[in-house]
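J.: First the structure, which I've put down as structure tokens, then a few questions once you've had a look.
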Amino acid sequence: MAAVRENVHLLFKLYCLAVMTLVAATYTIALRYTRTSDKELYFSTTAVCITEVIKLLLSVGILAKETGNLGRFKASLRENVLGSPKELMKLSVPSLVYAVQNNMAFLALSNLDAAVYQVTYQLKIPCTALCTVLMLNRTLSRLQWISVFMLCGGVVLVQWRPAQATGVVVEQNPLLGFGAIAVAVLCSGFAVLASVGGLYTSVVVKYTDNIMKGFSAAAAIVLSTIASVMLFGLQITLTFALGTLLVCVSIYLYGLPRQDTTSIQQGEPTSKERVGGV
């Protein structure tokens, strides 16, 4: 039975990994495709608003299913929403930050290729790391600091000579796109400290570890690059390839579990014990 449960748990982790990767890659490619169309563009604010309305409806539906009946549903809303104005105000801060972040994603993908966007957006990792160190007084291991600088170096290489997409005919401003990503990264680093965005992300955070999430991010970068080559005629340069490789490796290294040396230190005899034993 234990082996069966372990296999089921592993399959569920792989399912979460596959869905998380496909969602990240598909979202970026679809957004890039719709923002580079030669037809009349839609308003990004409208798309963000519709997305949040859909998430609200899904959340209400999940709550209604969990409560079981209308009376419990109303009581839960009164207790957790209407009856907690302070908590509601606290949650409004990351909500506004996420709204800005999502709008910046639309602006960035209007001016940068999907693959370049995916790689550069991984700057959210060092940004979040710095926020946790400065605001939450947490520490990073030496390997994590190395991976942070490695990731930044990879992004610099990608942006040094950005890969060009020959299949895109609309006018683009790469500097504006990078500025939008910078704002989105700052928003991401701040908002992560307050909440975890997205309904599916909460499931992923619960049932997967950092290594799987890092592998998913790297896989999404690879899929986005392949799709950009096929759909937008992306011309991959040497600096882009090296920078992407550095980013993928750094994501993996950053997610590695920190080595716990407590038990080793407790188990090791002190210098006095060694002398006494001799």
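Starting from 1 in every chain, residues are counted up; chains themselves are A, B, ... following the order of the structure tokens, and ligands are numbered from 1 as listed.
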Within 9 Å of Leu157 (chain A), counting only C-alpha atoms, which residues show up once you throw out same-chain ones fewer than 5 positions away? Write them as a PyMOL selection string, please.

T.: chain A and resi 152+162+239-244

J.: Generate a file of the selected residues that holds all heavy atoms, formatted as an mmCIF file, in the first residue's frame.

T.:
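Result file follows (out36.cif):
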data_model
loop_
_atom_site.group_PDB
_atom_site.id
_atom_site.type_symbol
_atom_site.label_atom_id
_atom_site.label_comp_id
_atom_site.auth_asym_id
_atom_site.auth_seq_id
_atom_site.Cartn_x
_atom_site.Cartn_y
_atom_site.Cartn_z
ATOM 1 N N CYS A 152 21.571 36.553 -13.047
ATOM 2 C CA CYS A 152 21.671 37.936 -13.529
ATOM 3 C C CYS A 152 22.627 38.032 -14.726
ATOM 4 O O CYS A 152 22.356 38.751 -15.694
ATOM 5 C CB CYS A 152 22.153 38.856 -12.409
ATOM 6 S SG CYS A 152 20.976 39.032 -11.040
ATOM 7 N N PRO A 162 19.747 40.961 -28.155
ATOM 8 C CA PRO A 162 18.507 40.197 -28.129
ATOM 9 C C PRO A 162 18.247 39.473 -29.447
ATOM 10 O O PRO A 162 18.528 39.985 -30.537
ATOM 11 C CB PRO A 162 17.434 41.271 -27.873
ATOM 12 C CG PRO A 162 18.175 42.425 -27.286
ATOM 13 C CD PRO A 162 19.541 42.386 -27.900
ATOM 14 N N THR A 239 24.871 34.510 -27.843
ATOM 15 C CA THR A 239 24.712 35.110 -26.517
ATOM 16 C C THR A 239 23.372 34.727 -25.904
ATOM 17 O O THR A 239 23.278 34.505 -24.689
ATOM 18 C CB THR A 239 24.814 36.638 -26.610
ATOM 19 O OG1 THR A 239 23.872 37.128 -27.595
ATOM 20 C CG2 THR A 239 26.213 37.067 -26.991
ATOM 21 N N PHE A 240 22.327 34.630 -26.733
ATOM 22 C CA PHE A 240 21.017 34.219 -26.223
ATOM 23 C C PHE A 240 21.075 32.781 -25.713
ATOM 24 O O PHE A 240 20.550 32.460 -24.639
ATOM 25 C CB PHE A 240 19.958 34.340 -27.317
ATOM 26 C CG PHE A 240 18.598 33.837 -26.907
ATOM 27 C CD1 PHE A 240 17.726 34.658 -26.209
ATOM 28 C CD2 PHE A 240 18.196 32.544 -27.208
ATOM 29 C CE1 PHE A 240 16.472 34.195 -25.818
ATOM 30 C CE2 PHE A 240 16.949 32.075 -26.822
ATOM 31 C CZ PHE A 240 16.088 32.900 -26.127
ATOM 32 N N ALA A 241 21.714 31.893 -26.475
ATOM 33 C CA ALA A 241 21.810 30.489 -26.078
ATOM 34 C C ALA A 241 22.606 30.341 -24.780
ATOM 35 O O ALA A 241 22.185 29.614 -23.866
ATOM 36 C CB ALA A 241 22.449 29.673 -27.197
ATOM 37 N N LEU A 242 23.750 31.039 -24.670
ATOM 38 C CA LEU A 242 24.552 30.955 -23.460
ATOM 39 C C LEU A 242 23.824 31.551 -22.258
ATOM 40 O O LEU A 242 23.851 30.986 -21.157
ATOM 41 C CB LEU A 242 25.889 31.678 -23.668
ATOM 42 C CG LEU A 242 26.872 31.023 -24.647
ATOM 43 C CD1 LEU A 242 28.103 31.908 -24.824
ATOM 44 C CD2 LEU A 242 27.281 29.637 -24.158
ATOM 45 N N GLY A 243 23.170 32.688 -22.471
ATOM 46 C CA GLY A 243 22.426 33.315 -21.385
ATOM 47 C C GLY A 243 21.274 32.451 -20.905
ATOM 48 O O GLY A 243 21.038 32.315 -19.696
ATOM 49 N N THR A 244 20.558 31.833 -21.840
ATOM 50 C CA THR A 244 19.452 30.951 -21.475
ATOM 51 C C THR A 244 19.950 29.750 -20.693
ATOM 52 O O THR A 244 19.330 29.328 -19.699
ATOM 53 C CB THR A 244 18.719 30.476 -22.742
ATOM 54 O OG1 THR A 244 18.236 31.623 -23.458
ATOM 55 C CG2 THR A 244 17.551 29.576 -22.386
#

J.: Calculated over only C-alpha atoms, which of the candidates A:Asn137, A:Ser188, A:Ser224, A:Asn111 has the smallest distance to Thr21 (chain A)?

T.: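 Smallest distance to Thr21 (chain A) is found for A:Ser224.
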
J.: Just list as a PyMOL selection string whatever in region 21-149 of chain A DSSP marks as helix (DSSP H, G or I).

T.: chain A and resi 21-35+44-67+70-82+85-109+114-136+142-149

J.: What is the distance between CA of Cys248 (chain A) and CA of Ala218 (chain A), in Å to one decimal?

T.: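 CA of Ala218 (chain A) lies 5.1 Å from CA of Cys248 (chain A).
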
J.: So how many Å separate CA of Thr237 (chain A) and CA of Phe149 (chain A), to one decimal?

T.: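 One can read the CA of Thr237 (chain A) to CA of Phe149 (chain A) distance as 21.8 Å.
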
J.: Tell me, counting only C-alpha atoms, for each residue of region 82-121 of chain A within 8 Å of region 43-56 of chain A, which pair of atoms is nearest and how far apart they are in Å to one decimal, in rows ordered by chain and increasing number, as JSON lines.

T.:
{"residue": "A:Ala99", "atom": "CA", "partner": "A:Val48", "partner_atom": "CA", "distance": 7.2}
{"residue": "A:Asn102", "atom": "CA", "partner": "A:Val48", "partner_atom": "CA", "distance": 6.7}
{"residue": "A:Asn103", "atom": "CA", "partner": "A:Ser44", "partner_atom": "CA", "distance": 6.3}
{"residue": "A:Phe106", "atom": "CA", "partner": "A:Ser44", "partner_atom": "CA", "distance": 6.2}

J.: How would the residues just picked look written out with N, CA and C atoms as a PDB file, in the first residue's frame?

T.:
ATOM      1  N   ALA A  99      -2.201  43.377 -10.160  1.00  0.00           N
ATOM      2  CA  ALA A  99      -2.831  44.037 -11.297  1.00  0.00           C
ATOM      3  C   ALA A  99      -1.797  44.792 -12.126  1.00  0.00           C
ATOM      4  N   ASN A 102       0.478  42.178 -13.960  1.00  0.00           N
ATOM      5  CA  ASN A 102      -0.154  41.562 -15.131  1.00  0.00           C
ATOM      6  C   ASN A 102      -0.218  42.521 -16.313  1.00  0.00           C
ATOM      7  N   ASN A 103      -0.486  43.790 -16.042  1.00  0.00           N
ATOM      8  CA  ASN A 103      -0.504  44.770 -17.126  1.00  0.00           C
ATOM      9  C   ASN A 103       0.888  44.979 -17.711  1.00  0.00           C
ATOM     10  N   PHE A 106       1.662  42.281 -20.281  1.00  0.00           N
ATOM     11  CA  PHE A 106       1.110  42.585 -21.604  1.00  0.00           C
ATOM     12  C   PHE A 106       1.997  43.569 -22.350  1.00  0.00           C
TER      13      PHE A 106
END

J.: Expressed in Å to a single decimal, how great is the separation between CA of Gly71 (chain A) and CA of Leu91 (chain A)?

T.: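 So the two atoms, CA of Gly71 (chain A) and CA of Leu91 (chain A), lie 25.2 Å apart.
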
J.: Out of A:Thr132, A:Ser147, A:Ser110, A:Thr139, which residue has the shortest atom-to-atom distance to Asn173 (chain A) when counting only C-alpha atoms?

T.: A:Ser110
